[in-house]
Amino acid sequence: MSLMIKGGRVLDPATDTDKIADIYIEDGVVKKIGTKLKEKADETIDASGKYVMPGFIDLHVHLRDPGQTDKETIETGAAAAAKGGYTTIMAMPNTKPVVDNSDVLSYVLNKGKSVTPVHIYQAGAITVGMEGERLTDMEDMAAHGAIAFSEDGKSVMSTKLCRDAMHMLAKLDLPFLDHCEEKSLVNGGVINEDANCERLGLPGIHNTVENVIAARDYLLATEAGARLHLCHCSTKEVVDMLRAAKQLGHHLTAEVCPHHFTLTSDDIPGAPALAQEGEDTPTLSVMPASKAGFEMVNYKMNPPLRTAADRDALIEGLRDGAIDCIATDHAPHSAADKNKGMLDAPFGIVGLETAAALTYSELVLKDVLTPLQMAEKMSYNPAKVLRLDAGTITEGKDADLVIFDPGASYTIDKNTFVSKSKNTPFHGRKVTGRVDTTIIGGDVVYQFQSEDK
């Protein structure tokens with residue numbers, strides 16, 4: 001089987017390539033890149049006016065499989081990934097049961113290979129049951145295909161246990177994907193601790209909740225020689241720490257999610273002006289049936305949406321390289337679960353199908369990143385974190401590609417999502433830039449159709 005992609009703007013961060021070219025693919029491999037190629041192909045795609053980038057790689061996805069398949073399955077999560085331009089995704093271990101042994105790990109990996117062409121990797125849990133009491137058999141899971149470990153959804157609160165994990169991961173030479181949250185400081189918080197939580201009468205989550213664990217784990221990783229990757233960074237202090245660590249020559253990587261570089265706590269429905277001076281604060285935390293209350297829960301994520309100063313620091317971190325990657329933290333939840341009010345609804349939003357458009361709209365069109373840097377943050381750098389032979393468009397490499405249309409403008413509609421869950425704060429948001437085609441191993445696995453609008 002052969003495929004020709006004609007006349008696209010080829011963006012390959014690995015080789016610093018940004019040029020109009022044709023790509024000839026045969027038997028799943030990029031065979032030739034050049035201008036006006038003459039090879040005969042079984043299929044030709046006209047990519048004129050579009051970007052051709054390495055397939056996106058998401059370091060942070062919740063597939064909910066096994067155990068919560070009412071929210072997502074490996075099949076539906078992979079379909080959402082392909083629609084979003086992702087050819088590789090890393091699943092988090094907080095499933096039911098937890099991915100804390102090689103049997104559950106093998107279930108995910110084997111099912112992924114059998115039901116989808118999207119490359120599914122599974123992170124192993126760091127502690128048994130993610131209960132923070134004893135380490136998992138990371139060596140055994142690594143031998144069965146785990147290429148990263150995480151306690152995502154919480155931190156390893158025991159400093160000694162976290163240090164032991166760092167040393168084991170240094171021995172295995174595998175990354176620690178770190179959710180930074182000092183749970184003793186959360187105190188029931190559901191949104192950022194600022195004027196908005198005061199107006200809404202909701203408990204807040206201070207930046208310190210994230211900052212102290214990020215600093216602790218940076219020190220532990222440096223001492224152990226472990227590969228630390230900070231997940232879903234949200235505070236200006238963490239960006240400062242990342243920048244300083246890199247200036248000192250320490251190896252530390254980090255990701256930011258589109259919702260954190262796009263939204264702030266001011267964007268939560270009703271947040272800035274819901275309670276007028278002299279009025280009682282409405283109890284939206286227990287009013288999920290109201291329109292504002294129902295919309296509100298789709299702005300509940302962990303870490304929370306922070307202030308404009310935090311958001312601006314994250315954007316600057318992407319611009320200057322303090323932050324390496326863009327990930328989604330795709331966290332599907334059913335409408336029933338989300339419709340429990342702000343105090344009781346679970347944290348998290350879906351993100352696989354909106355990330356590329358938000359990145360292009362908020363970062364590329366605003367001159368924060370070039371198109372080549374967008375590919376770097378969404379493809380090449382994530383591949384480097386996981387040490388995958390991916391994230392590049394190079395002759396002789398697997399043809400995992402995304403064709404992205406930078407001229408497409410549209411309104412995000414959650415009803416077109418192929419994810420099982422629709423919990424997004426971006427429904428109705430106007431964006432520019434759309435995934436046109438996703439190619440894995442030379443095969444087209446997703447192609448935009450007008451009825452998707």
# chains A, B, ... in the order shown; residues from 1 in each chain; ligands from 1
>>> select_by_dssp(residues="range 126-213 of chain A", states="helix (DSSP H, G or I)", output="count of residues only")
38
>>> residues_around(residues="Ile147 in chain A", least_positions_apart="6", cutoff="7 Å", atoms="only C-alpha atoms", output="PDB file with C-alpha atoms, in the first residue's frame")
ATOM      1  CA  ALA A 123       1.821   4.112  32.692  1.00  0.00           C
ATOM      2  CA  LEU A 174      12.075   5.429  32.986  1.00  0.00           C
ATOM      3  CA  LEU A 386       9.145   8.792  26.516  1.00  0.00           C
TER       4      LEU A 386
END
>>> residues_around(residues="range 111-122 of chain A", least_positions_apart="4", cutoff="7 Å", atoms="only C-alpha atoms", output="list in words")
Ile74, Glu75, Ala78, Ala82, Thr87, Thr88, Ile89, Met90, Ala91, Met92, Leu105, Tyr107, Ala146 and Ile440 of chain A
>>> write_last_selection(atoms="N, CA, C and O atoms", output="compact mmCIF listing (two decimals), in the first residue's frame")
# COMPACT_ATOMS: atom_id res chain seq x y z
N ILE A 74 -11.10 2.05 25.71
CA ILE A 74 -9.90 2.18 24.89
C ILE A 74 -10.29 2.52 23.45
O ILE A 74 -9.66 3.36 22.81
N GLU A 75 -11.38 1.90 22.96
CA GLU A 75 -11.82 2.17 21.58
C GLU A 75 -12.26 3.62 21.41
O GLU A 75 -11.83 4.29 20.46
N ALA A 78 -9.35 6.10 21.88
CA ALA A 78 -8.45 6.08 20.72
C ALA A 78 -9.09 6.79 19.53
O ALA A 78 -8.40 7.48 18.77
N ALA A 82 -7.49 9.93 17.55
CA ALA A 82 -7.27 10.01 16.11
C ALA A 82 -7.95 11.24 15.52
O ALA A 82 -7.37 11.93 14.67
N THR A 87 -1.50 10.23 17.30
CA THR A 87 -1.17 8.88 16.84
C THR A 87 -0.64 8.02 17.97
O THR A 87 -0.58 6.80 17.84
N THR A 88 -0.28 8.65 19.09
CA THR A 88 0.24 7.95 20.26
C THR A 88 -0.29 8.61 21.52
O THR A 88 -0.28 9.84 21.62
N ILE A 89 -0.75 7.79 22.48
CA ILE A 89 -1.23 8.35 23.75
C ILE A 89 -0.72 7.50 24.92
O ILE A 89 -0.53 6.30 24.79
N MET A 90 -0.49 8.17 26.04
CA MET A 90 -0.07 7.52 27.27
C MET A 90 -1.23 7.53 28.26
O MET A 90 -1.70 8.61 28.66
N ALA A 91 -1.71 6.34 28.63
CA ALA A 91 -2.84 6.23 29.54
C ALA A 91 -2.37 6.23 30.99
O ALA A 91 -1.35 5.62 31.34
N MET A 92 -3.12 6.91 31.84
CA MET A 92 -2.81 6.98 33.26
C MET A 92 -3.35 5.75 33.99
O MET A 92 -4.30 5.11 33.56
N LEU A 105 -1.77 -4.20 33.37
CA LEU A 105 -0.99 -3.53 32.32
C LEU A 105 -1.13 -4.25 30.99
O LEU A 105 -1.41 -3.63 29.94
N TYR A 107 -3.48 -6.23 30.02
CA TYR A 107 -4.85 -6.10 29.52
C TYR A 107 -4.98 -4.86 28.65
O TYR A 107 -5.51 -4.91 27.53
N ALA A 146 5.62 -1.39 30.44
CA ALA A 146 5.42 -0.04 30.98
C ALA A 146 6.65 0.80 30.66
O ALA A 146 7.77 0.41 31.00
N ILE A 440 -1.62 6.73 10.45
CA ILE A 440 -0.81 5.89 11.32
C ILE A 440 -0.29 4.71 10.51
O ILE A 440 -1.06 3.96 9.91
>>> closest_residue(among="A:His60, A:Lys300, A:Lys36, A:His250", to="Leu177 in chain A", atoms="only C-alpha atoms")
A:His60
>>> atom_distance(atom1="CA of Thr235 in chain A", atom2="CA of Ala309 in chain A")
8.6 Å
>>> residues_around(residues="Asp18 in chain A", least_positions_apart="3", cutoff="12 Å", atoms="only C-alpha atoms", output="PyMOL selection string")
chain A and resi 8-15+21+51-53+370-373+375-376+393
>>> closest_residue(among="A:Leu228, A:Val435, A:Leu242, A:Val61", to="Asp152 in chain A", atoms="only C-alpha atoms")
A:Val61
>>> closest_residue(among="A:His144, A:Lys50, A:His251, A:Lys6", to="Gly34 in chain A", atoms="only C-alpha atoms")
A:Lys6
>>> closest_residue(among="A:Phe404, A:Tyr218, A:Tyr86, A:Phe261", to="Asp178 in chain A", atoms="only C-alpha atoms")
A:Tyr218
>>> residues_around(residues="Val128 in chain A", least_positions_apart="3", cutoff="6 Å", atoms="only C-alpha atoms", output="PyMOL selection string")
chain A and resi 100+135-136
>>> residues_around(residues="Leu401 in chain A", least_positions_apart="3", cutoff="10 Å", atoms="only C-alpha atoms", output="list in words")
Val30, Val52, Met53, Pro54, Gly55, Phe56, Gly85, Tyr86, Thr87, Ser379, Ala390, Gly391, Thr392, Ile393, Asp398, Phe404, Thr437, Thr438, Ile439, Ile440, Gly441, Gly442, Asp443 and Val444 of chain A
>>> write_last_selection(atoms="N, CA, C and O atoms", output="compact mmCIF listing (two decimals), in the first residue's frame")
# COMPACT_ATOMS: atom_id res chain seq x y z
N VAL A 30 7.86 6.28 5.64
CA VAL A 30 8.17 7.44 4.79
C VAL A 30 9.36 7.06 3.91
O VAL A 30 10.46 6.83 4.39
N VAL A 52 1.70 19.61 7.39
CA VAL A 52 1.90 18.17 7.59
C VAL A 52 2.92 18.04 8.72
O VAL A 52 4.08 18.45 8.59
N MET A 53 2.47 17.51 9.84
CA MET A 53 3.29 17.43 11.05
C MET A 53 3.41 15.98 11.50
O MET A 53 2.58 15.13 11.13
N PRO A 54 4.41 15.68 12.33
CA PRO A 54 4.43 14.36 12.96
C PRO A 54 3.16 14.17 13.77
O PRO A 54 2.63 15.13 14.35
N GLY A 55 2.63 12.95 13.81
CA GLY A 55 1.44 12.69 14.60
C GLY A 55 1.63 13.17 16.04
O GLY A 55 2.70 12.98 16.63
N PHE A 56 0.60 13.78 16.59
CA PHE A 56 0.69 14.28 17.95
C PHE A 56 0.84 13.13 18.95
O PHE A 56 0.32 12.03 18.73
N GLY A 85 -5.86 14.23 16.02
CA GLY A 85 -4.53 14.24 15.41
C GLY A 85 -3.48 13.47 16.18
O GLY A 85 -2.29 13.50 15.81
N TYR A 86 -3.89 12.76 17.22
CA TYR A 86 -2.94 12.00 18.04
C TYR A 86 -2.75 10.60 17.47
O TYR A 86 -3.71 9.87 17.23
N THR A 87 -1.50 10.23 17.30
CA THR A 87 -1.17 8.88 16.84
C THR A 87 -0.64 8.02 17.97
O THR A 87 -0.58 6.80 17.84
N SER A 379 4.49 16.93 19.46
CA SER A 379 4.96 15.69 18.84
C SER A 379 6.38 15.31 19.28
O SER A 379 6.61 14.30 19.93
N ALA A 390 9.74 8.35 17.42
CA ALA A 390 8.54 8.96 16.83
C ALA A 390 8.70 10.47 16.92
O ALA A 390 9.75 10.99 17.29
N GLY A 391 7.63 11.20 16.53
CA GLY A 391 7.67 12.65 16.60
C GLY A 391 8.48 13.31 15.52
O GLY A 391 8.91 14.46 15.66
N THR A 392 8.68 12.61 14.40
CA THR A 392 9.47 13.16 13.30
C THR A 392 8.91 12.68 11.97
O THR A 392 8.22 11.65 11.90
N ILE A 393 9.18 13.44 10.92
CA ILE A 393 8.87 13.03 9.55
C ILE A 393 10.21 12.88 8.84
O ILE A 393 10.79 13.85 8.35
N ASP A 398 8.54 5.38 10.54
CA ASP A 398 7.12 5.08 10.42
C ASP A 398 6.35 6.33 10.03
O ASP A 398 6.62 7.42 10.52
N PHE A 404 -2.99 19.18 9.11
CA PHE A 404 -3.71 20.18 9.89
C PHE A 404 -4.05 21.36 9.00
O PHE A 404 -3.18 21.90 8.31
N THR A 437 -6.57 15.23 8.58
CA THR A 437 -6.31 13.81 8.35
C THR A 437 -5.29 13.31 9.37
O THR A 437 -4.30 14.00 9.65
N THR A 438 -5.55 12.13 9.90
CA THR A 438 -4.59 11.47 10.78
C THR A 438 -4.16 10.15 10.13
O THR A 438 -5.02 9.37 9.70
N ILE A 439 -2.86 9.95 10.05
CA ILE A 439 -2.28 8.80 9.36
C ILE A 439 -1.39 8.03 10.33
O ILE A 439 -0.52 8.62 10.98
N ILE A 440 -1.62 6.73 10.45
CA ILE A 440 -0.81 5.89 11.32
C ILE A 440 -0.29 4.71 10.51
O ILE A 440 -1.06 3.96 9.91
N GLY A 441 1.03 4.57 10.48
CA GLY A 441 1.63 3.49 9.71
C GLY A 441 1.25 3.54 8.24
O GLY A 441 1.10 2.51 7.58
N GLY A 442 1.10 4.76 7.73
CA GLY A 442 0.75 4.93 6.32
C GLY A 442 -0.72 4.79 6.01
O GLY A 442 -1.13 4.99 4.86
N ASP A 443 -1.54 4.43 6.98
CA ASP A 443 -2.98 4.27 6.78
C ASP A 443 -3.74 5.47 7.32
O ASP A 443 -3.46 5.95 8.43
N VAL A 444 -4.71 5.94 6.55
CA VAL A 444 -5.58 7.02 7.01
C VAL A 444 -6.55 6.45 8.04
O VAL A 444 -7.35 5.57 7.73
>>> closest_residue(among="A:Pro258, A:Gly428, A:His330, A:Glu198", to="Asn415 in chain A", atoms="only C-alpha atoms")
A:Gly428
>>> residues_around(residues="Val104 in chain A", least_positions_apart="3", cutoff="10 Å", atoms="only C-alpha atoms", output="PDB file with all heavy atoms, in the first residue's frame")
ATOM      1  N   ASP A  65     -10.417   2.601  31.251  1.00  0.00           N
ATOM      2  CA  ASP A  65     -10.582   1.180  30.920  1.00  0.00           C
ATOM      3  C   ASP A  65      -9.343   0.443  31.436  1.00  0.00           C
ATOM      4  O   ASP A  65      -8.224   0.758  31.002  1.00  0.00           O
ATOM      5  CB  ASP A  65     -10.702   1.039  29.390  1.00  0.00           C
ATOM      6  CG  ASP A  65     -11.169  -0.332  28.944  1.00  0.00           C
ATOM      7  OD1 ASP A  65     -11.257  -1.235  29.781  1.00  0.00           O
ATOM      8  OD2 ASP A  65     -11.438  -0.486  27.728  1.00  0.00           O
ATOM      9  N   PRO A  66      -9.531  -0.468  32.408  1.00  0.00           N
ATOM     10  CA  PRO A  66     -10.758  -1.106  32.861  1.00  0.00           C
ATOM     11  C   PRO A  66     -11.500  -0.325  33.958  1.00  0.00           C
ATOM     12  O   PRO A  66     -10.927   0.550  34.595  1.00  0.00           O
ATOM     13  CB  PRO A  66     -10.247  -2.438  33.437  1.00  0.00           C
ATOM     14  CG  PRO A  66      -8.891  -2.102  33.975  1.00  0.00           C
ATOM     15  CD  PRO A  66      -8.323  -1.103  33.002  1.00  0.00           C
ATOM     16  N   PRO A  93      -2.761   5.424  35.158  1.00  0.00           N
ATOM     17  CA  PRO A  93      -3.075   4.138  35.802  1.00  0.00           C
ATOM     18  C   PRO A  93      -4.233   4.139  36.780  1.00  0.00           C
ATOM     19  O   PRO A  93      -4.533   3.091  37.371  1.00  0.00           O
ATOM     20  CB  PRO A  93      -1.767   3.827  36.546  1.00  0.00           C
ATOM     21  CG  PRO A  93      -1.224   5.161  36.905  1.00  0.00           C
ATOM     22  CD  PRO A  93      -1.582   6.069  35.753  1.00  0.00           C
ATOM     23  N   THR A  95      -7.222   3.511  37.029  1.00  0.00           N
ATOM     24  CA  THR A  95      -8.401   2.781  36.566  1.00  0.00           C
ATOM     25  C   THR A  95      -8.917   1.915  37.714  1.00  0.00           C
ATOM     26  O   THR A  95      -8.416   1.968  38.831  1.00  0.00           O
ATOM     27  CB  THR A  95      -8.027   1.910  35.352  1.00  0.00           C
ATOM     28  OG1 THR A  95      -6.847   1.152  35.661  1.00  0.00           O
ATOM     29  CG2 THR A  95      -7.731   2.770  34.133  1.00  0.00           C
ATOM     30  N   LYS A  96      -9.933   1.105  37.435  1.00  0.00           N
ATOM     31  CA  LYS A  96     -10.493   0.203  38.444  1.00  0.00           C
ATOM     32  C   LYS A  96     -10.544  -1.215  37.873  1.00  0.00           C
ATOM     33  O   LYS A  96     -11.431  -1.496  37.078  1.00  0.00           O
ATOM     34  CB  LYS A  96     -11.895   0.663  38.856  1.00  0.00           C
ATOM     35  CG  LYS A  96     -11.895   2.022  39.559  1.00  0.00           C
ATOM     36  CD  LYS A  96     -13.285   2.406  40.021  1.00  0.00           C
ATOM     37  CE  LYS A  96     -13.263   3.752  40.762  1.00  0.00           C
ATOM     38  NZ  LYS A  96     -14.612   4.152  41.219  1.00  0.00           N
ATOM     39  N   PRO A  97      -9.605  -2.103  38.211  1.00  0.00           N
ATOM     40  CA  PRO A  97      -8.543  -1.919  39.200  1.00  0.00           C
ATOM     41  C   PRO A  97      -7.424  -1.021  38.681  1.00  0.00           C
ATOM     42  O   PRO A  97      -7.284  -0.801  37.483  1.00  0.00           O
ATOM     43  CB  PRO A  97      -8.029  -3.344  39.423  1.00  0.00           C
ATOM     44  CG  PRO A  97      -8.288  -4.030  38.115  1.00  0.00           C
ATOM     45  CD  PRO A  97      -9.589  -3.458  37.619  1.00  0.00           C
ATOM     46  N   VAL A  98      -6.619  -0.539  39.622  1.00  0.00           N
ATOM     47  CA  VAL A  98      -5.464   0.293  39.295  1.00  0.00           C
ATOM     48  C   VAL A  98      -4.451  -0.526  38.489  1.00  0.00           C
ATOM     49  O   VAL A  98      -4.287  -1.731  38.715  1.00  0.00           O
ATOM     50  CB  VAL A  98      -4.819   0.812  40.606  1.00  0.00           C
ATOM     51  CG1 VAL A  98      -3.479   1.474  40.335  1.00  0.00           C
ATOM     52  CG2 VAL A  98      -5.764   1.787  41.305  1.00  0.00           C
ATOM     53  N   VAL A  99      -3.782   0.124  37.563  1.00  0.00           N
ATOM     54  CA  VAL A  99      -2.724  -0.548  36.795  1.00  0.00           C
ATOM     55  C   VAL A  99      -1.468  -0.585  37.678  1.00  0.00           C
ATOM     56  O   VAL A  99      -0.539   0.210  37.529  1.00  0.00           O
ATOM     57  CB  VAL A  99      -2.453   0.169  35.458  1.00  0.00           C
ATOM     58  CG1 VAL A  99      -1.423  -0.620  34.644  1.00  0.00           C
ATOM     59  CG2 VAL A  99      -3.737   0.320  34.650  1.00  0.00           C
ATOM     60  N   ASP A 100      -1.476  -1.515  38.621  1.00  0.00           N
ATOM     61  CA  ASP A 100      -0.360  -1.626  39.557  1.00  0.00           C
ATOM     62  C   ASP A 100       0.344  -2.978  39.465  1.00  0.00           C
ATOM     63  O   ASP A 100       1.156  -3.324  40.333  1.00  0.00           O
ATOM     64  CB  ASP A 100      -0.826  -1.373  40.998  1.00  0.00           C
ATOM     65  CG  ASP A 100      -1.862  -2.373  41.492  1.00  0.00           C
ATOM     66  OD1 ASP A 100      -2.224  -3.302  40.725  1.00  0.00           O
ATOM     67  OD2 ASP A 100      -2.305  -2.237  42.655  1.00  0.00           O
ATOM     68  N   ASN A 101       0.032  -3.733  38.414  1.00  0.00           N
ATOM     69  CA  ASN A 101       0.689  -5.020  38.204  1.00  0.00           C
ATOM     70  C   ASN A 101       0.689  -5.338  36.719  1.00  0.00           C
ATOM     71  O   ASN A 101      -0.030  -4.711  35.928  1.00  0.00           O
ATOM     72  CB  ASN A 101      -0.002  -6.126  39.009  1.00  0.00           C
ATOM     73  CG  ASN A 101      -1.446  -6.326  38.593  1.00  0.00           C
ATOM     74  OD1 ASN A 101      -1.730  -6.924  37.562  1.00  0.00           O
ATOM     75  ND2 ASN A 101      -2.387  -5.798  39.382  1.00  0.00           N
ATOM     76  N   TYR A 107      -3.477  -6.231  30.021  1.00  0.00           N
ATOM     77  CA  TYR A 107      -4.847  -6.103  29.516  1.00  0.00           C
ATOM     78  C   TYR A 107      -4.979  -4.858  28.646  1.00  0.00           C
ATOM     79  O   TYR A 107      -5.505  -4.909  27.526  1.00  0.00           O
ATOM     80  CB  TYR A 107      -5.843  -6.040  30.674  1.00  0.00           C
ATOM     81  CG  TYR A 107      -7.181  -5.457  30.286  1.00  0.00           C
ATOM     82  CD1 TYR A 107      -8.135  -6.227  29.636  1.00  0.00           C
ATOM     83  CD2 TYR A 107      -7.473  -4.111  30.536  1.00  0.00           C
ATOM     84  CE1 TYR A 107      -9.368  -5.677  29.259  1.00  0.00           C
ATOM     85  CE2 TYR A 107      -8.686  -3.552  30.157  1.00  0.00           C
ATOM     86  CZ  TYR A 107      -9.627  -4.336  29.522  1.00  0.00           C
ATOM     87  OH  TYR A 107     -10.827  -3.792  29.130  1.00  0.00           O
ATOM     88  N   VAL A 108      -4.498  -3.718  29.138  1.00  0.00           N
ATOM     89  CA  VAL A 108      -4.615  -2.469  28.384  1.00  0.00           C
ATOM     90  C   VAL A 108      -3.788  -2.530  27.105  1.00  0.00           C
ATOM     91  O   VAL A 108      -4.277  -2.197  26.013  1.00  0.00           O
ATOM     92  CB  VAL A 108      -4.186  -1.267  29.244  1.00  0.00           C
ATOM     93  CG1 VAL A 108      -4.224   0.015  28.410  1.00  0.00           C
ATOM     94  CG2 VAL A 108      -5.085  -1.124  30.462  1.00  0.00           C
ATOM     95  N   LEU A 109      -2.543  -2.962  27.227  1.00  0.00           N
ATOM     96  CA  LEU A 109      -1.674  -2.983  26.056  1.00  0.00           C
ATOM     97  C   LEU A 109      -2.189  -3.937  24.991  1.00  0.00           C
ATOM     98  O   LEU A 109      -2.199  -3.610  23.796  1.00  0.00           O
ATOM     99  CB  LEU A 109      -0.252  -3.367  26.471  1.00  0.00           C
ATOM    100  CG  LEU A 109       0.466  -2.386  27.415  1.00  0.00           C
ATOM    101  CD1 LEU A 109       1.859  -2.905  27.738  1.00  0.00           C
ATOM    102  CD2 LEU A 109       0.533  -0.988  26.828  1.00  0.00           C
ATOM    103  N   ASN A 110      -2.628  -5.110  25.407  1.00  0.00           N
ATOM    104  CA  ASN A 110      -3.125  -6.089  24.431  1.00  0.00           C
ATOM    105  C   ASN A 110      -4.430  -5.640  23.795  1.00  0.00           C
ATOM    106  O   ASN A 110      -4.631  -5.796  22.583  1.00  0.00           O
ATOM    107  CB  ASN A 110      -3.309  -7.453  25.092  1.00  0.00           C
ATOM    108  CG  ASN A 110      -1.991  -8.098  25.466  1.00  0.00           C
ATOM    109  OD1 ASN A 110      -0.955  -7.799  24.878  1.00  0.00           O
ATOM    110  ND2 ASN A 110      -2.012  -8.975  26.464  1.00  0.00           N
ATOM    111  N   GLN A 122       0.784   2.479  28.373  1.00  0.00           N
ATOM    112  CA  GLN A 122       0.148   2.522  29.682  1.00  0.00           C
ATOM    113  C   GLN A 122       1.192   2.793  30.756  1.00  0.00           C
ATOM    114  O   GLN A 122       2.183   2.080  30.865  1.00  0.00           O
ATOM    115  CB  GLN A 122      -0.550   1.186  29.978  1.00  0.00           C
ATOM    116  CG  GLN A 122      -1.141   1.070  31.372  1.00  0.00           C
ATOM    117  CD  GLN A 122      -2.271   2.059  31.609  1.00  0.00           C
ATOM    118  OE1 GLN A 122      -3.281   2.047  30.902  1.00  0.00           O
ATOM    119  NE2 GLN A 122      -2.105   2.941  32.590  1.00  0.00           N
ATOM    120  N   GLY A 124       2.459   2.663  34.516  1.00  0.00           N
ATOM    121  CA  GLY A 124       2.215   1.857  35.705  1.00  0.00           C
ATOM    122  C   GLY A 124       2.091   2.743  36.930  1.00  0.00           C
ATOM    123  O   GLY A 124       2.682   3.829  37.008  1.00  0.00           O
ATOM    124  N   MET A 141       6.630  -4.635  35.837  1.00  0.00           N
ATOM    125  CA  MET A 141       5.790  -3.912  34.876  1.00  0.00           C
ATOM    126  C   MET A 141       6.619  -3.379  33.716  1.00  0.00           C
ATOM    127  O   MET A 141       6.179  -3.401  32.559  1.00  0.00           O
ATOM    128  CB  MET A 141       5.014  -2.795  35.566  1.00  0.00           C
ATOM    129  CG  MET A 141       3.792  -3.288  36.328  1.00  0.00           C
ATOM    130  SD  MET A 141       2.666  -1.947  36.821  1.00  0.00           S
ATOM    131  CE  MET A 141       3.519  -1.374  38.287  1.00  0.00           C
TER     132      MET A 141
END
>>> atom_distance(atom1="CA of Asp70 in chain A", atom2="CA of Met301 in chain A")
19.6 Å
>>> closest_residue(among="A:Ala322, A:Ile33, A:Val364, A:Ala165", to="Phe149 in chain A", atoms="only C-alpha atoms")
A:Ala165
>>> atom_distance(atom1="CA of Ile57 in chain A", atom2="CA of Asp329 in chain A")
12.2 Å
